[in-house]
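Visitor: Okay, here's the structure, questions in a sec.
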Number of protein chains: 2
Amino acid sequence: MKKYTIIVAGGSGRRMGTSLPKQFMLLKDKPVLYYTLKAFLSAYDDLQIILVLPLGYTDMGQEIIDAYFDKSRISITAGGDTRFQSVKNGLAMVQEESIVFVHDGVRCLVSKELIHRCYEKAVETGTAIPAVTSRDSIRLVNEAGNEAFERNNVKLIQTPQTFHSKILLPAYQIDFKDKFTDEATVVEAYGLKVSLVDGEENNIKITSPIDLLIAESIINAN
Amino acid sequence: MKKYTIIVAGGSGRRMGTSLPKQFMLLKDKPVLYYTLKAFLSAYDDLQIILVLPLGYTDMGQEIIDAYFDKSRISITAGGDTRFQSVKNGLAMVQEESIVFVHDGVRCLVSKELIHRCYEKAVETGTAIPAVTSRDSIRLVNEAGNEAFERNNVKLIQTPQTFHSKILLPAYQIDFKDKFTDEATVVEAYGLKVSLVDGEENNIKITSPIDLLIAESIINAN
């Protein structure tokens, strides 16, 4: 089936203590976004990327594409005020029945194996949400304080959150709610359940300067 | 108040795919355990360490102490089959009213600030369990599948789990149960609530070879 990846890189990176959005920061001499784009383009030959960038950064995105990639496989669109709106802007460019991956631009270490696993599960069940189990013990905070909770029943959610277009497109017609922290919560609010697939410990999000060093260690080790 | 740290390094490291327990692996030319011991010895001058090692590795532990530390501040004892038993063996060496830190030997990046924070909270409330919030969205697995859960109400638990000896010593007189995954669950089963304190993202556990590289990046960045 046809494949689209919406890469959400709408954040302007305030947490990094820098004015450059984190998806443009350098990791081993290439922008973080380079690795993310490369991972998806290499995973499938018939995959098209829709890159959602903050307003004012589309030129910078275009420079990365021009420098490293086949322009015909990547389109750029501007993001909105929320992740929901950014994904919705990207979805407007999905033009045919397809499997749609929605991926954080700063999760630049996503592997081909994980992308394939998500695709296969989404073809089978309509949805595929990568999840890992915490290595640490878990406690839930409640009104009475906190209590131990079975670690294996808590999943840390990653991207690419992957869906059949016939699910994701109508789901994004519903009105925005604050609880929409990712795509899975939108599909759930639309009334469907989501399927989990095994994520990857190395599929980290670059959100602080130390993460760039950690990502470099992981790349060097592979 | 007097301070003891029980460092639990009972595991034989099967997950590393190596015969050397992970607490002895080299991180920037020194064993992982060196950094853990150093962190606690530097945090307080009147702190005594009880190092719990797997049977057969006590000599290796003694070599690290002889090479780097003041022998009078560290005692070694052998671990048991479970973490519960290892901590219990360590507690047998706590000889006076004190604050007792129980710490994973492989969390070698624990900071002085975190150790102080745990101490102060344990003096105040009797218990201090370091916890961080997940950066990722959270889902809980249940009989019907899985569902989104408020990320801020889920805490990932670290060590040093810190207690007043008057709580921890009697708590460890109860019978072992499978659900005892850490010290907080033992104290809870004994009938008390535990207090959380802010943990640290860098306070990672060395459980796989890549973690050694990540730890090296973090040390180099500080």
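As shown in the structure tokens, the chain order sets the letters A, B, ...; within each chain, residues go from 1, and ligands are also counted from 1 in the order they appear.
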For Ala144 (chain B), find every residue with an atom within 12 Å (counting only C-alpha atoms), except residues of its own chain fewer than 6 positions away, and show them as a list in words.
Guide: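 Residues meeting the cut-off are Lys193, Val194 and Ser195 of chain A.
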Visitor: Compute the chain A side of the contact with chain B at 9 Å, counting only C-alpha atoms, and hand it back as a PyMOL selection string.
Guide: chain A and resi 131+134-142+145-148+150+152-158+179+181-182+184-185+188+193-196+205+210+213-218+221
Visitor: Can you provide chain B as a PDB file with C-alpha atoms, in the first residue's frame, superposed onto chain A by least squares across all C-alpha atoms matched in order?
Guide:
ATOM      1  CA  MET B   1      -0.014   0.010  -0.012  1.00  0.00           C
ATOM      2  CA  LYS B   2       1.077   3.620  -0.535  1.00  0.00           C
ATOM      3  CA  LYS B   3       2.907   5.129   2.459  1.00  0.00           C
ATOM      4  CA  TYR B   4       3.101   8.659   3.813  1.00  0.00           C
ATOM      5  CA  THR B   5       5.136   9.884   6.752  1.00  0.00           C
ATOM      6  CA  ILE B   6       4.099  13.110   8.409  1.00  0.00           C
ATOM      7  CA  ILE B   7       7.161  14.344  10.250  1.00  0.00           C
ATOM      8  CA  VAL B   8       6.107  16.725  12.967  1.00  0.00           C
ATOM      9  CA  ALA B   9       8.860  19.192  13.664  1.00  0.00           C
ATOM     10  CA  GLY B  10       6.660  22.073  14.673  1.00  0.00           C
ATOM     11  CA  GLY B  11       8.349  22.874  17.992  1.00  0.00           C
ATOM     12  CA  SER B  12      10.611  25.886  18.231  1.00  0.00           C
ATOM     13  CA  GLY B  13      12.837  24.202  20.800  1.00  0.00           C
ATOM     14  CA  ARG B  14      12.577  26.449  23.834  1.00  0.00           C
ATOM     15  CA  ARG B  15      13.692  23.630  26.154  1.00  0.00           C
ATOM     16  CA  MET B  16      17.131  23.463  24.526  1.00  0.00           C
ATOM     17  CA  GLY B  17      17.996  26.970  25.714  1.00  0.00           C
ATOM     18  CA  THR B  18      18.818  27.933  22.160  1.00  0.00           C
ATOM     19  CA  SER B  19      17.050  29.840  19.438  1.00  0.00           C
ATOM     20  CA  LEU B  20      17.597  27.105  16.841  1.00  0.00           C
ATOM     21  CA  PRO B  21      14.771  24.539  16.871  1.00  0.00           C
ATOM     22  CA  LYS B  22      16.221  21.226  18.009  1.00  0.00           C
ATOM     23  CA  GLN B  23      15.427  19.396  14.770  1.00  0.00           C
ATOM     24  CA  PHE B  24      18.023  21.622  13.065  1.00  0.00           C
ATOM     25  CA  MET B  25      20.802  21.144  15.599  1.00  0.00           C
ATOM     26  CA  LEU B  26      23.862  19.252  14.435  1.00  0.00           C
ATOM     27  CA  LEU B  27      24.435  15.627  15.272  1.00  0.00           C
ATOM     28  CA  LYS B  28      27.742  14.389  13.879  1.00  0.00           C
ATOM     29  CA  ASP B  29      27.823  17.315  11.423  1.00  0.00           C
ATOM     30  CA  LYS B  30      24.345  16.802  10.029  1.00  0.00           C
ATOM     31  CA  PRO B  31      21.030  18.258  11.239  1.00  0.00           C
ATOM     32  CA  VAL B  32      18.929  15.989  13.479  1.00  0.00           C
ATOM     33  CA  LEU B  33      16.201  16.139  10.839  1.00  0.00           C
ATOM     34  CA  TYR B  34      18.550  14.625   8.253  1.00  0.00           C
ATOM     35  CA  TYR B  35      18.626  11.339  10.175  1.00  0.00           C
ATOM     36  CA  THR B  36      14.864  11.276  10.607  1.00  0.00           C
ATOM     37  CA  LEU B  37      14.189  11.882   6.925  1.00  0.00           C
ATOM     38  CA  LYS B  38      16.839   9.366   5.894  1.00  0.00           C
ATOM     39  CA  ALA B  39      15.358   6.619   8.096  1.00  0.00           C
ATOM     40  CA  PHE B  40      11.936   6.827   6.457  1.00  0.00           C
ATOM     41  CA  LEU B  41      13.149   7.336   2.890  1.00  0.00           C
ATOM     42  CA  SER B  42      15.386   4.268   3.251  1.00  0.00           C
ATOM     43  CA  ALA B  43      12.670   2.128   4.811  1.00  0.00           C
ATOM     44  CA  TYR B  44      10.412   2.058   1.727  1.00  0.00           C
ATOM     45  CA  ASP B  45      10.962   3.208  -1.848  1.00  0.00           C
ATOM     46  CA  ASP B  46       7.320   4.168  -2.317  1.00  0.00           C
ATOM     47  CA  LEU B  47       7.107   6.298   0.815  1.00  0.00           C
ATOM     48  CA  GLN B  48       6.401  10.013   0.542  1.00  0.00           C
ATOM     49  CA  ILE B  49       7.289  12.453   3.334  1.00  0.00           C
ATOM     50  CA  ILE B  50       5.219  15.423   4.452  1.00  0.00           C
ATOM     51  CA  LEU B  51       7.474  17.586   6.586  1.00  0.00           C
ATOM     52  CA  VAL B  52       5.647  19.938   8.939  1.00  0.00           C
ATOM     53  CA  LEU B  53       7.880  22.811  10.067  1.00  0.00           C
ATOM     54  CA  PRO B  54       7.384  25.896  12.216  1.00  0.00           C
ATOM     55  CA  LEU B  55       6.454  29.013  10.264  1.00  0.00           C
ATOM     56  CA  GLY B  56       9.713  30.778   9.421  1.00  0.00           C
ATOM     57  CA  TYR B  57      11.750  27.572   9.214  1.00  0.00           C
ATOM     58  CA  THR B  58      10.481  26.131   5.959  1.00  0.00           C
ATOM     59  CA  ASP B  59      13.493  27.527   4.066  1.00  0.00           C
ATOM     60  CA  MET B  60      15.881  25.846   6.470  1.00  0.00           C
ATOM     61  CA  GLY B  61      14.033  22.575   5.931  1.00  0.00           C
ATOM     62  CA  GLN B  62      14.202  23.025   2.165  1.00  0.00           C
ATOM     63  CA  GLU B  63      17.974  23.480   2.376  1.00  0.00           C
ATOM     64  CA  ILE B  64      18.340  20.098   4.072  1.00  0.00           C
ATOM     65  CA  ILE B  65      16.212  18.449   1.410  1.00  0.00           C
ATOM     66  CA  ASP B  66      18.156  20.125  -1.402  1.00  0.00           C
ATOM     67  CA  ALA B  67      21.472  19.079   0.108  1.00  0.00           C
ATOM     68  CA  TYR B  68      20.741  15.445   0.797  1.00  0.00           C
ATOM     69  CA  PHE B  69      17.547  14.067  -0.690  1.00  0.00           C
ATOM     70  CA  ASP B  70      15.382  13.488  -3.735  1.00  0.00           C
ATOM     71  CA  LYS B  71      13.101  16.541  -3.708  1.00  0.00           C
ATOM     72  CA  SER B  72      10.250  14.687  -5.339  1.00  0.00           C
ATOM     73  CA  ARG B  73       9.785  12.525  -2.244  1.00  0.00           C
ATOM     74  CA  ILE B  74       9.401  15.292   0.359  1.00  0.00           C
ATOM     75  CA  SER B  75       6.837  18.092   0.633  1.00  0.00           C
ATOM     76  CA  ILE B  76       6.926  20.841   3.242  1.00  0.00           C
ATOM     77  CA  THR B  77       3.992  22.466   4.988  1.00  0.00           C
ATOM     78  CA  ALA B  78       3.731  24.880   7.933  1.00  0.00           C
ATOM     79  CA  GLY B  79       2.762  23.717  11.412  1.00  0.00           C
ATOM     80  CA  GLY B  80      -0.006  25.072  13.604  1.00  0.00           C
ATOM     81  CA  ASP B  81      -0.212  26.171  17.233  1.00  0.00           C
ATOM     82  CA  THR B  82      -0.703  22.624  18.508  1.00  0.00           C
ATOM     83  CA  ARG B  83       0.592  19.227  17.515  1.00  0.00           C
ATOM     84  CA  PHE B  84      -2.997  18.370  16.582  1.00  0.00           C
ATOM     85  CA  GLN B  85      -3.138  21.273  14.134  1.00  0.00           C
ATOM     86  CA  SER B  86       0.318  20.478  12.728  1.00  0.00           C
ATOM     87  CA  VAL B  87      -0.678  16.881  12.020  1.00  0.00           C
ATOM     88  CA  LYS B  88      -3.967  18.085  10.548  1.00  0.00           C
ATOM     89  CA  ASN B  89      -2.061  20.396   8.198  1.00  0.00           C
ATOM     90  CA  GLY B  90       0.089  17.438   7.163  1.00  0.00           C
ATOM     91  CA  LEU B  91      -2.922  15.183   6.628  1.00  0.00           C
ATOM     92  CA  ALA B  92      -4.374  17.705   4.174  1.00  0.00           C
ATOM     93  CA  MET B  93      -1.590  16.596   1.816  1.00  0.00           C
ATOM     94  CA  VAL B  94      -2.382  12.863   2.015  1.00  0.00           C
ATOM     95  CA  GLN B  95      -3.913  12.241  -1.379  1.00  0.00           C
ATOM     96  CA  GLU B  96      -4.736   8.576  -1.563  1.00  0.00           C
ATOM     97  CA  GLU B  97      -5.560   5.526   0.495  1.00  0.00           C
ATOM     98  CA  SER B  98      -2.409   4.751   2.418  1.00  0.00           C
ATOM     99  CA  ILE B  99      -0.657   3.849   5.617  1.00  0.00           C
ATOM    100  CA  VAL B 100       0.272   7.090   7.387  1.00  0.00           C
ATOM    101  CA  PHE B 101       3.179   7.243   9.832  1.00  0.00           C
ATOM    102  CA  VAL B 102       3.201  10.275  12.142  1.00  0.00           C
ATOM    103  CA  HIS B 103       6.672  10.758  13.579  1.00  0.00           C
ATOM    104  CA  ASP B 104       8.445  13.215  15.874  1.00  0.00           C
ATOM    105  CA  GLY B 105      11.109  15.068  13.882  1.00  0.00           C
ATOM    106  CA  VAL B 106      13.464  14.802  16.852  1.00  0.00           C
ATOM    107  CA  ARG B 107      13.244  11.000  17.126  1.00  0.00           C
ATOM    108  CA  CYS B 108      16.080  10.701  14.678  1.00  0.00           C
ATOM    109  CA  LEU B 109      17.261   7.206  15.655  1.00  0.00           C
ATOM    110  CA  VAL B 110      14.144   5.321  14.547  1.00  0.00           C
ATOM    111  CA  SER B 111      15.176   2.080  12.857  1.00  0.00           C
ATOM    112  CA  LYS B 112      14.046   0.500   9.624  1.00  0.00           C
ATOM    113  CA  GLU B 113      12.897  -2.541  11.615  1.00  0.00           C
ATOM    114  CA  LEU B 114      10.588  -0.433  13.785  1.00  0.00           C
ATOM    115  CA  ILE B 115       9.153   1.349  10.738  1.00  0.00           C
ATOM    116  CA  HIS B 116       8.465  -2.028   9.089  1.00  0.00           C
ATOM    117  CA  ARG B 117       6.910  -3.416  12.271  1.00  0.00           C
ATOM    118  CA  CYS B 118       4.557  -0.427  12.491  1.00  0.00           C
ATOM    119  CA  TYR B 119       3.615  -0.728   8.838  1.00  0.00           C
ATOM    120  CA  GLU B 120       2.760  -4.414   9.092  1.00  0.00           C
ATOM    121  CA  LYS B 121       0.698  -3.979  12.235  1.00  0.00           C
ATOM    122  CA  ALA B 122      -1.177  -1.004  10.777  1.00  0.00           C
ATOM    123  CA  VAL B 123      -1.981  -2.975   7.621  1.00  0.00           C
ATOM    124  CA  GLU B 124      -3.300  -5.773   9.827  1.00  0.00           C
ATOM    125  CA  THR B 125      -5.238  -3.812  12.474  1.00  0.00           C
ATOM    126  CA  GLY B 126      -5.497  -0.240  11.193  1.00  0.00           C
ATOM    127  CA  THR B 127      -3.267   1.200  13.939  1.00  0.00           C
ATOM    128  CA  ALA B 128       0.237   0.638  15.358  1.00  0.00           C
ATOM    129  CA  ILE B 129       1.604   2.556  18.325  1.00  0.00           C
ATOM    130  CA  PRO B 130       5.201   1.767  19.345  1.00  0.00           C
ATOM    131  CA  ALA B 131       5.584   1.270  23.078  1.00  0.00           C
ATOM    132  CA  VAL B 132       8.330   0.203  25.468  1.00  0.00           C
ATOM    133  CA  THR B 133       8.189  -0.937  29.070  1.00  0.00           C
ATOM    134  CA  SER B 134       9.892   1.205  31.682  1.00  0.00           C
ATOM    135  CA  ARG B 135      13.142  -0.194  33.059  1.00  0.00           C
ATOM    136  CA  ASP B 136      12.345   1.484  36.357  1.00  0.00           C
ATOM    137  CA  SER B 137       9.721   0.595  38.936  1.00  0.00           C
ATOM    138  CA  ILE B 138       6.505   2.540  38.537  1.00  0.00           C
ATOM    139  CA  ARG B 139       4.310   4.440  41.000  1.00  0.00           C
ATOM    140  CA  LEU B 140       1.010   6.102  40.274  1.00  0.00           C
ATOM    141  CA  VAL B 141       0.242   9.402  41.964  1.00  0.00           C
ATOM    142  CA  ASN B 142      -3.262   9.568  43.383  1.00  0.00           C
ATOM    143  CA  GLU B 143      -5.225  11.641  45.851  1.00  0.00           C
ATOM    144  CA  ALA B 144      -3.947   9.614  48.797  1.00  0.00           C
ATOM    145  CA  GLY B 145      -0.282   9.964  47.779  1.00  0.00           C
ATOM    146  CA  ASN B 146       1.262   7.341  45.536  1.00  0.00           C
ATOM    147  CA  GLU B 147       1.275   3.588  45.156  1.00  0.00           C
ATOM    148  CA  ALA B 148       3.296   0.898  43.443  1.00  0.00           C
ATOM    149  CA  PHE B 149       1.978  -0.250  40.071  1.00  0.00           C
ATOM    150  CA  GLU B 150       2.918  -3.249  37.930  1.00  0.00           C
ATOM    151  CA  ARG B 151       5.664  -2.017  35.620  1.00  0.00           C
ATOM    152  CA  ASN B 152       4.701  -4.324  32.754  1.00  0.00           C
ATOM    153  CA  ASN B 153       1.258  -2.756  32.518  1.00  0.00           C
ATOM    154  CA  VAL B 154       2.645   0.722  31.887  1.00  0.00           C
ATOM    155  CA  LYS B 155       3.815   1.548  28.383  1.00  0.00           C
ATOM    156  CA  LEU B 156       5.979   4.487  27.363  1.00  0.00           C
ATOM    157  CA  ILE B 157       4.730   5.612  23.978  1.00  0.00           C
ATOM    158  CA  GLN B 158       6.923   6.519  21.019  1.00  0.00           C
ATOM    159  CA  THR B 159       6.456   7.343  17.365  1.00  0.00           C
ATOM    160  CA  PRO B 160       5.952   6.587  14.456  1.00  0.00           C
ATOM    161  CA  GLN B 161       2.294   6.283  15.422  1.00  0.00           C
ATOM    162  CA  THR B 162       0.941   4.548  12.369  1.00  0.00           C
ATOM    163  CA  PHE B 163      -2.563   4.352  10.950  1.00  0.00           C
ATOM    164  CA  HIS B 164      -4.608   3.444   7.929  1.00  0.00           C
ATOM    165  CA  SER B 165      -5.637   6.704   6.248  1.00  0.00           C
ATOM    166  CA  LYS B 166      -9.267   5.600   6.445  1.00  0.00           C
ATOM    167  CA  ILE B 167      -8.967   5.846  10.225  1.00  0.00           C
ATOM    168  CA  LEU B 168      -6.673   8.834  10.650  1.00  0.00           C
ATOM    169  CA  LEU B 169      -8.307  11.203   8.165  1.00  0.00           C
ATOM    170  CA  PRO B 170     -11.822  11.059   9.644  1.00  0.00           C
ATOM    171  CA  ALA B 171     -10.442  11.016  13.219  1.00  0.00           C
ATOM    172  CA  TYR B 172      -8.819  14.400  12.605  1.00  0.00           C
ATOM    173  CA  GLN B 173     -12.187  15.909  11.689  1.00  0.00           C
ATOM    174  CA  ILE B 174     -13.167  15.963  15.374  1.00  0.00           C
ATOM    175  CA  ASP B 175     -12.724  19.122  17.447  1.00  0.00           C
ATOM    176  CA  PHE B 176      -9.446  19.680  19.276  1.00  0.00           C
ATOM    177  CA  LYS B 177      -9.326  18.749  22.956  1.00  0.00           C
ATOM    178  CA  ASP B 178      -6.519  19.481  25.429  1.00  0.00           C
ATOM    179  CA  LYS B 179      -6.066  15.800  26.115  1.00  0.00           C
ATOM    180  CA  PHE B 180      -4.822  15.200  22.567  1.00  0.00           C
ATOM    181  CA  THR B 181      -1.166  14.630  23.410  1.00  0.00           C
ATOM    182  CA  ASP B 182      -0.512  12.416  20.415  1.00  0.00           C
ATOM    183  CA  GLU B 183      -2.286  10.797  17.457  1.00  0.00           C
ATOM    184  CA  ALA B 184      -3.409   7.731  19.419  1.00  0.00           C
ATOM    185  CA  THR B 185      -5.456   9.907  21.789  1.00  0.00           C
ATOM    186  CA  VAL B 186      -7.199  11.505  18.804  1.00  0.00           C
ATOM    187  CA  VAL B 187      -8.097   8.130  17.311  1.00  0.00           C
ATOM    188  CA  GLU B 188      -9.296   6.983  20.733  1.00  0.00           C
ATOM    189  CA  ALA B 189     -11.492  10.074  21.119  1.00  0.00           C
ATOM    190  CA  TYR B 190     -12.873   9.269  17.657  1.00  0.00           C
ATOM    191  CA  GLY B 191     -14.033   5.982  19.202  1.00  0.00           C
ATOM    192  CA  LEU B 192     -11.475   3.381  18.138  1.00  0.00           C
ATOM    193  CA  LYS B 193      -8.950   1.321  20.079  1.00  0.00           C
ATOM    194  CA  VAL B 194      -5.270   1.354  19.120  1.00  0.00           C
ATOM    195  CA  SER B 195      -2.819  -1.550  18.797  1.00  0.00           C
ATOM    196  CA  LEU B 196       0.606  -1.459  20.387  1.00  0.00           C
ATOM    197  CA  VAL B 197       3.816  -2.741  18.798  1.00  0.00           C
ATOM    198  CA  ASP B 198       7.233  -3.111  20.397  1.00  0.00           C
ATOM    199  CA  GLY B 199       9.123   0.170  20.335  1.00  0.00           C
ATOM    200  CA  GLU B 200      12.872   0.556  20.803  1.00  0.00           C
ATOM    201  CA  GLU B 201      14.910   1.854  23.730  1.00  0.00           C
ATOM    202  CA  ASN B 202      17.181   3.740  21.347  1.00  0.00           C
ATOM    203  CA  ASN B 203      14.265   5.557  19.700  1.00  0.00           C
ATOM    204  CA  ILE B 204      14.838   8.599  21.900  1.00  0.00           C
ATOM    205  CA  LYS B 205      13.559  12.136  21.514  1.00  0.00           C
ATOM    206  CA  ILE B 206      16.167  14.886  21.333  1.00  0.00           C
ATOM    207  CA  THR B 207      14.877  17.381  23.891  1.00  0.00           C
ATOM    208  CA  SER B 208      17.988  18.558  25.735  1.00  0.00           C
ATOM    209  CA  PRO B 209      21.644  19.164  24.780  1.00  0.00           C
ATOM    210  CA  ILE B 210      22.809  15.960  26.498  1.00  0.00           C
ATOM    211  CA  ASP B 211      20.463  13.998  24.223  1.00  0.00           C
ATOM    212  CA  LEU B 212      22.570  15.040  21.243  1.00  0.00           C
ATOM    213  CA  LEU B 213      25.618  13.440  22.887  1.00  0.00           C
ATOM    214  CA  ILE B 214      23.635  10.332  23.785  1.00  0.00           C
ATOM    215  CA  ALA B 215      22.359  10.059  20.215  1.00  0.00           C
ATOM    216  CA  GLU B 216      25.920  10.374  18.955  1.00  0.00           C
ATOM    217  CA  SER B 217      27.004   7.501  21.226  1.00  0.00           C
ATOM    218  CA  ILE B 218      24.198   5.346  19.919  1.00  0.00           C
ATOM    219  CA  ILE B 219      25.008   6.138  16.285  1.00  0.00           C
ATOM    220  CA  ASN B 220      28.713   5.426  16.857  1.00  0.00           C
ATOM    221  CA  ALA B 221      27.907   2.088  18.498  1.00  0.00           C
ATOM    222  CA  ASN B 222      25.806   0.880  15.566  1.00  0.00           C
TER     223      ASN B 222
END
Visitor: Report the residues of region 5-148 of chain A whose backbone DSSP state falls under helix (DSSP H, G or I), written as an MDAnalysis selection string.
Guide: chainID A and resid 14:16 22:24 32:43 58:68 71:73 83:91 112:125
Visitor: Which residues in region 20-214 of chain A does DSSP call strand (DSSP E)? List them as JSON, numbers by chain.
Guide: {"A": [26, 27, 30, 31, 47, 48, 49, 50, 51, 52, 53, 74, 75, 76, 77, 78, 99, 100, 101, 102, 103, 104, 127, 128, 129, 130, 131, 132, 133, 137, 138, 139, 140, 141, 142, 145, 146, 147, 148, 149, 154, 155, 156, 157, 161, 162, 163, 164, 196, 197, 198]}
Visitor: How about saving the chosen residues, C-alpha atoms kept, as a compact mmCIF listing (two decimals), in the first residue's frame?
Guide:
# COMPACT_ATOMS: atom_id res chain seq x y z
CA LEU A 26 23.84 19.25 14.46
CA LEU A 27 24.42 15.62 15.28
CA LYS A 30 24.33 16.81 10.04
CA PRO A 31 21.03 18.26 11.26
CA LEU A 47 7.12 6.28 0.81
CA GLN A 48 6.40 10.00 0.55
CA ILE A 49 7.29 12.45 3.34
CA ILE A 50 5.22 15.42 4.46
CA LEU A 51 7.47 17.59 6.58
CA VAL A 52 5.64 19.94 8.94
CA LEU A 53 7.88 22.81 10.06
CA ILE A 74 9.40 15.29 0.37
CA SER A 75 6.84 18.09 0.64
CA ILE A 76 6.94 20.85 3.24
CA THR A 77 4.00 22.47 4.99
CA ALA A 78 3.75 24.88 7.91
CA ILE A 99 -0.66 3.84 5.62
CA VAL A 100 0.27 7.09 7.39
CA PHE A 101 3.16 7.24 9.83
CA VAL A 102 3.20 10.28 12.13
CA HIS A 103 6.66 10.76 13.58
CA ASP A 104 8.45 13.21 15.88
CA THR A 127 -3.28 1.20 13.94
CA ALA A 128 0.23 0.64 15.36
CA ILE A 129 1.59 2.56 18.32
CA PRO A 130 5.19 1.77 19.35
CA ALA A 131 5.59 1.28 23.08
CA VAL A 132 8.32 0.21 25.46
CA THR A 133 8.20 -0.93 29.06
CA SER A 137 9.75 0.59 38.91
CA ILE A 138 6.54 2.55 38.52
CA ARG A 139 4.36 4.45 40.98
CA LEU A 140 1.05 6.11 40.28
CA VAL A 141 0.28 9.41 41.96
CA ASN A 142 -3.22 9.58 43.38
CA GLY A 145 -0.24 9.97 47.77
CA ASN A 146 1.32 7.34 45.53
CA GLU A 147 1.31 3.59 45.14
CA ALA A 148 3.33 0.90 43.42
CA PHE A 149 2.00 -0.25 40.05
CA VAL A 154 2.64 0.74 31.89
CA LYS A 155 3.81 1.56 28.38
CA LEU A 156 5.99 4.51 27.36
CA ILE A 157 4.73 5.62 23.98
CA GLN A 161 2.29 6.29 15.42
CA THR A 162 0.94 4.55 12.37
CA PHE A 163 -2.57 4.35 10.95
CA HIS A 164 -4.61 3.42 7.93
CA LEU A 196 0.60 -1.45 20.39
CA VAL A 197 3.81 -2.74 18.80
CA ASP A 198 7.22 -3.12 20.40
